[in-house]
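One file, upload15.csv, carrying CSV, C-alpha atoms:
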chain,number,residue,atom,x,y,z
Z,13,MET,CA,65.0,-53.7,-1.7
Z,14,LYS,CA,62.8,-51.0,-0.1
Z,15,PRO,CA,59.9,-52.7,1.8
Z,16,VAL,CA,56.6,-52.7,0.2
Z,17,ILE,CA,53.8,-51.9,2.7
Z,18,LEU,CA,50.6,-53.4,1.6
Z,19,PHE,CA,47.2,-53.7,3.3
Z,20,LEU,CA,44.3,-55.7,1.9
Z,21,ALA,CA,41.3,-54.0,3.4
Z,22,ALA,CA,37.8,-55.5,3.9
Z,23,GLY,CA,35.9,-57.0,0.9
Z,24,LEU,CA,33.5,-55.2,-1.4
Z,25,LEU,CA,32.0,-52.1,0.0
Z,26,LEU,CA,28.6,-51.4,-1.4
Z,27,MET,CA,28.4,-47.7,-2.1
Z,28,SER,CA,24.8,-46.7,-2.2
Z,29,VAL,CA,23.1,-45.0,0.7
Z,30,GLY,CA,19.8,-46.2,1.9
Z,31,LEU,CA,17.7,-48.6,4.0
Z,32,TYR,CA,18.0,-52.4,3.6
Z,33,THR,CA,17.1,-55.7,5.1
Z,34,ILE,CA,19.5,-58.6,5.6
Z,35,VAL,CA,18.7,-62.3,6.0
Z,36,GLY,CA,20.8,-65.4,5.7
Z,37,ASP,CA,23.7,-67.3,7.2
Z,38,LEU,CA,24.4,-65.0,10.1
Z,39,GLY,CA,20.9,-65.3,11.6
Z,40,LEU,CA,20.1,-61.7,10.6
Z,41,SER,CA,16.3,-62.0,10.7
Z,42,ALA,CA,14.3,-59.9,13.1
Z,43,ASP,CA,13.8,-61.3,16.6
Z,44,SER,CA,11.4,-59.3,18.7
Z,45,ASP,CA,12.7,-60.8,22.0
Z,46,THR,CA,16.2,-59.9,21.1
Z,47,ALA,CA,15.2,-56.5,19.8
Z,48,ASP,CA,13.5,-55.7,23.1
Z,49,SER,CA,16.5,-56.7,25.2
Z,50,ALA,CA,17.9,-53.9,27.4
Z,51,GLU,CA,21.4,-54.8,26.1
Z,52,GLN,CA,20.5,-54.8,22.4
Z,53,VAL,CA,22.0,-51.8,20.5
Z,54,GLU,CA,19.8,-50.6,17.6
Z,55,PRO,CA,21.8,-48.7,15.0
Z,56,ALA,CA,20.5,-46.8,12.0
Z,57,GLN,CA,20.3,-49.2,9.0
Z,58,VAL,CA,22.2,-47.1,6.5
Z,59,ASN,CA,25.1,-47.7,4.1
Z,60,GLN,CA,27.4,-44.7,4.0
Z,61,PRO,CA,30.1,-44.5,1.3
Z,62,PRO,CA,33.7,-45.0,2.6
Z,63,VAL,CA,35.7,-41.8,3.4
Z,64,GLU,CA,39.5,-41.7,2.9
Z,65,PRO,CA,41.4,-40.7,6.1
Z,66,VAL,CA,43.5,-37.6,5.9
Z,67,ILE,CA,46.9,-37.8,7.5
Z,68,ARG,CA,49.3,-34.9,7.4
Z,69,ARG,CA,52.7,-34.5,9.1
Z,70,ASP,CA,54.3,-31.3,10.2
Z,71,GLY,CA,57.6,-32.2,11.9
Z,72,LYS,CA,56.7,-34.5,14.8
Z,73,ASP,CA,53.1,-33.4,14.8
Z,74,VAL,CA,50.8,-35.8,12.9
Z,75,TYR,CA,47.3,-34.6,12.1
Z,76,ILE,CA,44.8,-37.4,11.5
Z,77,GLU,CA,41.2,-37.0,10.3
Z,78,MET,CA,38.9,-40.0,10.6
Z,79,THR,CA,35.2,-40.8,10.4
Z,80,THR,CA,33.0,-43.2,12.3
Z,81,GLN,CA,30.2,-44.5,10.0
Z,82,VAL,CA,27.8,-47.3,9.1
Z,83,THR,CA,28.8,-49.1,5.9
Z,84,ASN,CA,28.0,-52.5,4.3
Z,85,VAL,CA,31.0,-54.8,4.0
Z,86,GLU,CA,31.2,-58.1,2.3
Z,87,ILE,CA,32.7,-60.6,4.9
Z,88,SER,CA,32.1,-63.7,2.8
Z,89,LYS,CA,31.1,-64.2,-0.9
Z,90,GLY,CA,27.7,-62.7,-1.3
Z,91,LEU,CA,27.2,-62.0,2.4
Z,92,THR,CA,27.2,-58.4,3.6
Z,93,TYR,CA,27.3,-57.2,7.2
Z,94,ASN,CA,26.0,-53.7,8.1
Z,95,ALA,CA,29.1,-52.8,10.0
Z,96,TRP,CA,30.0,-49.9,12.3
Z,97,THR,CA,33.3,-48.7,10.9
Z,98,PHE,CA,36.2,-46.3,10.9
Z,99,ASN,CA,36.2,-44.6,7.4
Z,100,GLY,CA,33.9,-47.3,5.9
Z,101,THR,CA,36.2,-50.3,6.0
Z,102,VAL,CA,36.7,-53.3,8.3
Z,103,PRO,CA,39.4,-53.2,9.6
Z,104,GLY,CA,39.8,-49.5,9.6
Z,105,PRO,CA,42.7,-47.8,7.8
Z,106,VAL,CA,46.2,-48.7,8.9
Z,107,ILE,CA,47.9,-45.7,10.5
Z,108,ARG,CA,51.7,-45.4,10.5
Z,109,VAL,CA,53.5,-42.9,12.8
Z,110,LYS,CA,56.9,-42.7,14.4
Z,111,GLN,CA,57.9,-43.0,18.0
Z,112,GLY,CA,57.9,-39.6,19.6
Z,113,ASP,CA,55.2,-38.1,17.4
Z,114,GLN,CA,52.4,-36.0,18.8
Z,115,LEU,CA,49.1,-37.2,17.4
Z,116,HIS,CA,46.3,-34.8,16.7
Z,117,LEU,CA,43.1,-36.7,16.0
Z,118,THR,CA,39.9,-35.2,14.5
Z,119,LEU,CA,37.1,-37.8,14.7
Z,120,LYS,CA,33.9,-37.0,12.7
Z,121,ASN,CA,30.9,-39.1,13.7
Z,122,LEU,CA,28.8,-39.7,10.5
Z,123,ASP,CA,26.6,-42.3,12.2
Z,124,PRO,CA,23.1,-40.7,12.5
Z,125,SER,CA,22.1,-42.6,15.6
Z,126,LEU,CA,25.0,-43.8,17.8
Z,127,ALA,CA,27.9,-42.1,19.7
Z,128,HIS,CA,31.4,-43.4,18.9
Z,129,SER,CA,34.9,-42.8,20.2
Z,130,MET,CA,38.6,-43.6,19.6
Z,131,ASP,CA,40.7,-45.7,21.9
Z,132,PHE,CA,44.3,-45.8,20.7
Z,133,HIS,CA,46.3,-48.5,22.4
Z,134,ALA,CA,49.5,-46.7,21.2
Z,135,VAL,CA,49.2,-43.7,23.5
Z,136,HIS,CA,49.3,-42.5,27.1
Z,137,ALA,CA,46.1,-40.6,27.8
Z,138,ALA,CA,43.4,-40.2,30.3
Z,139,PRO,CA,40.4,-42.1,28.8
Z,140,SER,CA,37.9,-40.0,30.6
Z,141,ALA,CA,39.3,-36.9,28.7
Z,142,LYS,CA,40.8,-38.3,25.5
Z,143,PHE,CA,38.7,-41.3,24.6
Z,144,ILE,CA,35.3,-39.7,25.2
Z,145,ASP,CA,32.1,-40.2,23.0
Z,146,VAL,CA,31.5,-38.1,20.0
Z,147,MET,CA,27.8,-37.7,19.4
Z,148,PRO,CA,26.0,-38.3,16.0
Z,149,GLY,CA,26.8,-35.6,13.6
Z,150,GLU,CA,29.5,-34.0,15.8
Z,151,THR,CA,33.3,-33.8,15.7
Z,152,GLY,CA,35.8,-34.3,18.5
Z,153,SER,CA,39.5,-33.4,18.5
Z,154,PHE,CA,42.1,-35.0,20.8
Z,155,SER,CA,45.9,-34.9,21.1
Z,156,TYR,CA,48.3,-37.4,22.7
Z,157,PRO,CA,51.9,-38.6,22.3
Z,158,ALA,CA,53.0,-41.8,20.7
Z,159,ASN,CA,56.1,-42.6,22.8
Z,160,ASN,CA,56.2,-46.4,22.6
Z,161,PRO,CA,57.0,-48.3,19.4
Z,162,GLY,CA,54.9,-51.3,18.4
Z,163,VAL,CA,51.9,-52.7,16.6
Z,164,PHE,CA,48.8,-51.6,18.4
Z,165,MET,CA,45.1,-51.9,18.1
Z,166,TYR,CA,42.7,-49.0,17.9
Z,167,HIS,CA,39.0,-49.3,18.5
Z,168,CYS,CA,35.8,-47.6,19.5
Z,169,GLY,CA,35.6,-47.4,23.3
Z,170,THR,CA,32.0,-46.4,23.6
Z,171,LYS,CA,29.8,-48.5,25.9
Z,172,PRO,CA,29.2,-51.4,25.3
Z,173,VAL,CA,32.7,-51.7,23.9
Z,174,LEU,CA,32.0,-55.3,22.9
Z,175,ALA,CA,29.2,-54.3,20.5
Z,176,HIS,CA,31.3,-51.6,18.9
Z,177,ILE,CA,34.3,-53.8,18.3
Z,178,ALA,CA,32.3,-56.8,17.2
Z,179,ASN,CA,30.4,-54.7,14.7
Z,180,GLY,CA,33.6,-53.6,13.0
Z,181,MET,CA,35.1,-50.6,14.8
Z,182,TYR,CA,38.8,-51.6,15.0
Z,183,GLY,CA,42.1,-51.1,13.2
Z,184,THR,CA,45.9,-51.1,13.5
Z,185,ILE,CA,48.3,-48.3,14.3
Z,186,ILE,CA,52.0,-49.0,13.8
Z,187,VAL,CA,54.4,-46.8,15.7
Z,188,GLU,CA,57.8,-47.2,14.1
Z,189,PRO,CA,60.8,-47.3,16.6
Z,190,THR,CA,63.1,-44.3,16.6
Z,191,ASP,CA,66.0,-46.4,15.5
Z,192,GLY,CA,64.0,-48.9,13.6
Z,193,TYR,CA,64.2,-52.7,14.0
Z,194,PRO,CA,67.7,-54.4,14.0
Z,195,THR,CA,66.5,-56.4,11.0
Z,196,ASP,CA,65.2,-53.5,8.9
Z,197,LYS,CA,68.0,-53.8,6.2
Z,198,GLU,CA,67.2,-57.5,5.7
Z,199,ILE,CA,63.5,-57.0,4.9
Z,200,ASP,CA,62.4,-57.3,1.3
Z,201,ARG,CA,58.6,-57.0,1.7
Z,202,SER,CA,56.2,-56.1,4.5
Z,203,TYR,CA,52.5,-56.7,5.0
Z,204,THR,CA,49.8,-56.0,7.6
Z,205,LEU,CA,47.4,-58.6,8.8
Z,206,VAL,CA,44.5,-58.2,11.2
Z,207,GLN,CA,42.5,-61.2,12.6
Z,208,SER,CA,39.0,-60.6,13.9
Z,209,GLU,CA,35.6,-62.2,14.4
Z,210,PHE,CA,32.0,-61.6,13.2
Z,211,TYR,CA,29.0,-62.7,15.2
Z,212,LYS,CA,25.3,-62.5,14.3
Z,213,GLU,CA,24.7,-59.0,13.1
Z,214,HIS,CA,24.1,-56.5,15.9
Z,215,ASP,CA,23.2,-59.4,18.3
Z,216,PHE,CA,24.8,-58.5,21.6
Z,217,GLU,CA,23.8,-61.7,23.3
Z,218,ASP,CA,25.6,-63.7,20.6
Z,219,MET,CA,28.7,-61.5,20.9
Z,220,GLN,CA,28.7,-62.1,24.7
Z,221,ASP,CA,27.9,-65.8,24.8
Z,222,GLY,CA,28.0,-67.3,21.3
Z,223,GLU,CA,30.7,-68.6,19.0
Z,224,PRO,CA,31.9,-66.5,16.1
Z,225,SER,CA,30.2,-67.2,12.8
Z,226,TYR,CA,33.3,-66.1,11.0
Z,227,VAL,CA,37.0,-65.6,12.0
Z,228,VAL,CA,38.7,-63.7,9.3
Z,229,PHE,CA,41.9,-62.0,8.1
Z,230,ASN,CA,41.7,-58.4,7.0
Z,231,GLY,CA,37.9,-58.3,7.2
Z,232,ASN,CA,36.8,-61.3,5.1
Z,233,ASP,CA,37.3,-65.0,4.5
Z,234,TYR,CA,38.4,-64.9,0.9
Z,235,GLY,CA,40.6,-61.9,0.1
Z,236,LEU,CA,44.0,-63.4,1.0
Z,237,MET,CA,43.1,-66.6,-0.9
Z,238,GLU,CA,42.2,-64.8,-4.1
Z,239,LYS,CA,44.9,-62.2,-3.8
Z,240,PRO,CA,47.8,-63.8,-1.9
Z,241,PHE,CA,50.6,-61.9,-0.2
Z,242,LEU,CA,53.6,-62.2,-2.7
Z,243,ALA,CA,57.3,-62.8,-2.3
Z,244,LYS,CA,60.1,-64.3,-4.3
Z,245,VAL,CA,62.4,-67.1,-3.4
Z,246,GLY,CA,64.9,-66.0,-0.8
Z,247,ASP,CA,62.9,-62.9,0.4
Z,248,LYS,CA,62.7,-62.0,4.1
Z,249,VAL,CA,59.1,-61.0,4.7
Z,250,ARG,CA,57.8,-59.0,7.6
Z,251,PHE,CA,54.2,-59.2,8.9
Z,252,TYR,CA,52.7,-56.6,11.2
Z,253,VAL,CA,50.1,-58.8,12.9
Z,254,SER,CA,47.2,-57.7,15.1
Z,255,ASN,CA,44.5,-59.7,16.7
Z,256,ALA,CA,41.4,-57.4,17.1
Z,257,GLY,CA,39.3,-60.1,18.7
Z,258,PRO,CA,37.1,-59.0,20.4
Z,259,ASN,CA,36.9,-62.4,22.2
Z,260,GLU,CA,39.3,-65.0,20.8
Z,261,VAL,CA,43.0,-65.5,20.9
Z,262,SER,CA,45.1,-66.0,17.7
Z,263,SER,CA,47.7,-68.8,17.3
Z,264,PHE,CA,49.4,-67.1,14.4
Z,265,HIS,CA,51.3,-69.6,12.2
Z,266,ILE,CA,52.7,-69.9,8.7
Z,267,VAL,CA,52.8,-73.4,7.3
Z,268,GLY,CA,56.1,-74.5,5.8
Z,269,THR,CA,58.4,-72.0,7.6
Z,270,MET,CA,59.4,-70.8,11.0
Z,271,PHE,CA,59.7,-67.3,12.3
Z,272,ASP,CA,63.2,-66.0,12.2
Z,273,THR,CA,62.5,-63.1,14.4
Z,274,VAL,CA,59.4,-62.0,16.4
Z,275,TYR,CA,59.0,-58.7,18.2
Z,276,MET,CA,56.2,-59.1,20.6
Z,277,ASP,CA,53.7,-56.2,20.5
Z,278,GLY,CA,56.1,-54.8,17.8
Z,279,ASN,CA,58.6,-53.5,20.4
Z,280,PRO,CA,62.2,-54.1,19.3
Z,281,ARG,CA,63.1,-54.9,23.0
Z,282,ASN,CA,60.7,-57.9,23.1
Z,283,VAL,CA,62.6,-60.1,20.7
Z,284,GLN,CA,62.3,-63.9,20.2
Z,285,TYR,CA,63.8,-66.3,17.7
Z,286,GLY,CA,62.9,-69.4,15.8
Z,287,MET,CA,59.3,-69.6,16.9
Z,288,GLN,CA,56.7,-71.8,15.2
Z,289,THR,CA,53.5,-70.1,16.5
Z,290,VAL,CA,52.9,-66.7,18.1
Z,291,MET,CA,50.1,-66.5,20.6
Z,292,LEU,CA,48.3,-63.2,20.4
Z,293,PRO,CA,45.6,-62.3,22.9
Z,294,ALA,CA,42.6,-60.1,21.9
Z,295,SER,CA,44.2,-56.7,21.2
Z,296,GLY,CA,47.7,-58.2,21.0
Z,297,GLY,CA,50.2,-57.6,18.2
Z,298,ALA,CA,53.6,-58.6,16.9
Z,299,VAL,CA,56.1,-58.0,14.2
Z,300,VAL,CA,56.8,-61.5,12.6
Z,301,GLU,CA,59.6,-62.1,10.1
Z,302,VAL,CA,60.1,-65.2,7.9
Z,303,THR,CA,62.5,-66.2,5.1
Z,304,VAL,CA,61.1,-68.2,2.3
Z,305,THR,CA,63.5,-70.6,0.5
Z,306,GLU,CA,61.3,-72.5,-2.0
Z,307,GLU,CA,58.6,-71.7,-4.5
Z,308,GLY,CA,55.0,-72.5,-3.5
Z,309,ASP,CA,52.0,-71.5,-1.5
Z,310,TYR,CA,52.6,-71.1,2.3
Z,311,PRO,CA,49.2,-71.0,4.1
Z,312,ILE,CA,48.8,-68.4,6.8
Z,313,VAL,CA,46.5,-69.6,9.6
Z,314,THR,CA,45.5,-69.4,13.2
Z,315,HIS,CA,46.5,-72.8,14.4
Z,316,GLN,CA,43.3,-73.0,16.4
Z,317,PHE,CA,41.8,-74.8,13.4
Z,318,ASN,CA,38.2,-74.4,14.4
Z,319,HIS,CA,38.8,-70.7,13.7
Z,320,ALA,CA,40.8,-71.4,10.5
Z,321,SER,CA,37.9,-73.4,9.2
Z,322,LYS,CA,35.7,-70.3,9.8
Z,323,GLY,CA,37.8,-68.2,7.4
Z,324,ALA,CA,41.1,-67.3,9.1
Z,325,VAL,CA,43.3,-68.6,6.3
Z,326,GLY,CA,45.5,-66.7,3.8
Z,327,ILE,CA,48.3,-67.4,1.5
Z,328,LEU,CA,51.9,-66.2,1.2
Z,329,ARG,CA,52.7,-67.1,-2.5
Z,330,VAL,CA,56.4,-67.5,-3.3
Z,331,THR,CA,57.6,-67.5,-6.9
Z,332,LYS,CA,60.9,-67.0,-8.7
Z,333,ASP,CA,60.1,-63.4,-9.7
Z,334,GLY,CA,57.8,-62.5,-6.8
Z,335,GLN,CA,54.8,-62.1,-9.2
Z,336,ASP,CA,51.5,-63.9,-8.9
Z,337,ASN,CA,51.3,-67.0,-11.1
Z,338,GLY,CA,47.5,-67.0,-11.1
Z,339,MET,CA,47.2,-70.5,-9.8
Z,340,ALA,CA,44.4,-71.6,-7.4
Z,341,ALA,CA,45.5,-71.1,-3.8
Z,342,MET,CA,46.4,-74.1,-1.7
Z,343,GLY,CA,43.7,-75.1,0.7
Z,344,HIS,CA,44.4,-75.9,4.3
Can the structure in the file be given as structure tokens, please?
Amino acid sequence: MKPVILFLAAGLLLMSVGLYTIVGDLGLSADSDTADSAEQVEPAQVNQPPVEPVIRRDGKDVYIEMTTQVTNVEISKGLTYNAWTFNGTVPGPVIRVKQGDQLHLTLKNLDPSLAHSMDFHAVHAAPSAKFIDVMPGETGSFSYPANNPGVFMYHCGTKPVLAHIANGMYGTIIVEPTDGYPTDKEIDRSYTLVQSEFYKEHDFEDMQDGEPSYVVFNGNDYGLMEKPFLAKVGDKVRFYVSNAGPNEVSSFHIVGTMFDTVYMDGNPRNVQYGMQTVMLPASGGAVVEVTVTEEGDYPIVTHQFNHASKGAVGILRVTKDGQDNGMAAMGH
């Protein structure tokens, strides 16, 4: 069966543009002391509609057009976060290229108040020349080769980097190996999963010294419970996993099965077998493969359960026909 590549993006994106005020569980009320801090970053409070990325291939040249923008995202039921984003989603769009491609990135900064940039972990480039800031309302163009296969993070590299990542500016770029993975012919379904954290909105002190309010998969704490990843009995399922952080490690684990094969950082030369848990540092990635032998719900978690209790839980649902049976997801 040809692999199905699915990506569940962040939750509901509110589409209207305008000013707004948030209060609630993330401690998002105004604080004059914090606002006056020299480290506090003050963005424009706008809600810009998501923009689809444009990706075009011409031989080994891949042309990528992306935006940086401020967009409301729903990170928990009824709770929106005024996020700094790539293309209006958190995480940003999944980008898939091939080893040996030359990437040509056009980055359009729609944010009316802050500079942003692109740091691709998948490339060799001088940051002072290729990861530079793009000013509000301006566009930057950069080229670099993608010579190493793997599952890589991309993120905004503008100072302070912590603020830009913690506010939502990250995503995953998959560089497919020239000769593929040794297990490619065995794979029935493939999914992408990104772990990340949310702190008090735009609160740099909390991002530096606090504990995350939410630790989530693919941008929110409910999406992979309401719409589980699906497989049928006997399938071999591949996960492209990335831990965007910005601060915490991920102890990636799927309850009820073991990992047949793990390619650390997604490189086919970094292979491990029979693992129960894969430790991913902030910005680390892996290709993780499992075989499911029985029907049921298999919880996907970080085995650091203080973080799982903050939202980093999903479900791999296995049925006879690989279709969703509509049942309530197993808790964990």
Neighbourhood query: residues within 8 Å of (30.0, -50.2, 6.8), file coordinates, counting only C-alpha atoms; return as a PyMOL selection string. chain Z and resi 25+59-62+81-85+93-97+100-102+180
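Between Thr314 of chain Z and the candidates Z:Asn259, Z:Gln284, Z:Ser208, Z:Asn121, the tightest atom-to-atom separation, counting all atoms listed in the file, involves Z:Ser208.
You can rank Z:Glu64, Z:Glu198, Z:Glu188, Z:Glu77 by their closest distance to Val109 of chain Z using all atoms listed in the file, and at the top of that list sits Z:Glu188.
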Compare Z:Val274, Z:Leu91, Z:Ile186, Z:Val106 by their minimum atom-to-atom distance to Val135 of chain Z, counting only C-alpha atoms, and give me the closest one. Z:Ile186
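Of the residues under consideration (Z:Asp272, Z:Glu238, Z:Asp191, Z:Glu260), Z:Glu238 shows the shortest atom-to-atom contact distance to Gly343 of chain Z when counting all atoms listed in the file.
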Do you know which residues are at most 8 Å from segment 220-227 of chain Z counting only C-alpha atoms, after dropping those on the same chain fewer than 6 positions away, and could you put them as a PyMOL selection string? chain Z and resi 38+174+207-212+233+319-320+322-324
C-alpha atoms of the current selection, written as a PDB file, in the frame of the given file:
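Saved result, result.pdb, follows:
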ATOM      1  CA  LEU Z  38      24.400 -65.000  10.100  1.00  0.00           C
ATOM      2  CA  LEU Z 174      32.000 -55.300  22.900  1.00  0.00           C
ATOM      3  CA  GLN Z 207      42.500 -61.200  12.600  1.00  0.00           C
ATOM      4  CA  SER Z 208      39.000 -60.600  13.900  1.00  0.00           C
ATOM      5  CA  GLU Z 209      35.600 -62.200  14.400  1.00  0.00           C
ATOM      6  CA  PHE Z 210      32.000 -61.600  13.200  1.00  0.00           C
ATOM      7  CA  TYR Z 211      29.000 -62.700  15.200  1.00  0.00           C
ATOM      8  CA  LYS Z 212      25.300 -62.500  14.300  1.00  0.00           C
ATOM      9  CA  ASP Z 233      37.300 -65.000   4.500  1.00  0.00           C
ATOM     10  CA  HIS Z 319      38.800 -70.700  13.700  1.00  0.00           C
ATOM     11  CA  ALA Z 320      40.800 -71.400  10.500  1.00  0.00           C
ATOM     12  CA  LYS Z 322      35.700 -70.300   9.800  1.00  0.00           C
ATOM     13  CA  GLY Z 323      37.800 -68.200   7.400  1.00  0.00           C
ATOM     14  CA  ALA Z 324      41.100 -67.300   9.100  1.00  0.00           C
TER      15      ALA Z 324
END
Nearest to Pro148 of chain Z, chosen from Z:Pro124, Z:Asn337, Z:Gly112, Z:Asp70, with only C-alpha atoms counted in the distances: Z:Pro124
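Interatomic distance, atom CA of His133 of chain Z against atom CA of Met147 of chain Z: 21.6 Å.
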Close residues, Val74 of chain Z itself excluded, 10 Å, only C-alpha atoms, min 6 positions apart in chain, as a compact mmCIF listing (two decimals) with C-alpha atoms, in the frame of the given file:
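Saved result, selection_30.txt, follows:
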# COMPACT_ATOMS: atom_id res chain seq x y z
CA ILE Z 67 46.90 -37.80 7.50
CA ARG Z 68 49.30 -34.90 7.40
CA ARG Z 108 51.70 -45.40 10.50
CA VAL Z 109 53.50 -42.90 12.80
CA LYS Z 110 56.90 -42.70 14.40
CA ASP Z 113 55.20 -38.10 17.40
CA GLN Z 114 52.40 -36.00 18.80
CA LEU Z 115 49.10 -37.20 17.40
CA HIS Z 116 46.30 -34.80 16.70
CA LEU Z 117 43.10 -36.70 16.00
CA SER Z 155 45.90 -34.90 21.10
CA PRO Z 157 51.90 -38.60 22.30
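Near Asp277 of chain Z, within 9 Å and counting all atoms listed in the file, sit Pro161, Gly162, Val163, Phe164, Val253, Ser254, Asn282, Leu292, Gly296, Gly297, Ala298 and Val299 of chain Z, not including residues fewer than 4 positions from it in the same chain.
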Atom CA of Pro103 of chain Z to atom CA of Gly268 of chain Z, straight-line distance in Å: 27.3 Å
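Residues in contact range of Lys248 of chain Z, defined as at most 7 Å between only C-alpha atoms, with sequence neighbours fewer than 3 positions away removed, read Z:Glu198, Z:Ile199, Z:Asp200, Z:Arg201, Z:Glu301, Z:Val302, Z:Thr303, Z:Val304.
Using all atoms listed in the file, the shortest contact distance between Asn230 of chain Z and any of Z:Asp73, Z:Glu213, Z:Asp247, Z:Glu86 is found at Z:Glu86.
Atom CA of Pro240 of chain Z is found 24.9 Å from atom CA of Pro293 of chain Z.
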Using only C-alpha atoms, which protein or nucleic acid residues come within 9 Å of Val267 of chain Z? Drop anything in the same chain fewer than 6 positions from it, and give the result as an MDAnalysis selection string. chainID Z and resid 288 310:313
Would you save the residues of that selection, restricted to C-alpha atoms, as a PDB file, in the coordinates of the input?
ATOM      1  CA  GLN Z 288      56.700 -71.800  15.200  1.00  0.00           C
ATOM      2  CA  TYR Z 310      52.600 -71.100   2.300  1.00  0.00           C
ATOM      3  CA  PRO Z 311      49.200 -71.000   4.100  1.00  0.00           C
ATOM      4  CA  ILE Z 312      48.800 -68.400   6.800  1.00  0.00           C
ATOM      5  CA  VAL Z 313      46.500 -69.600   9.600  1.00  0.00           C
TER       6      VAL Z 313
END
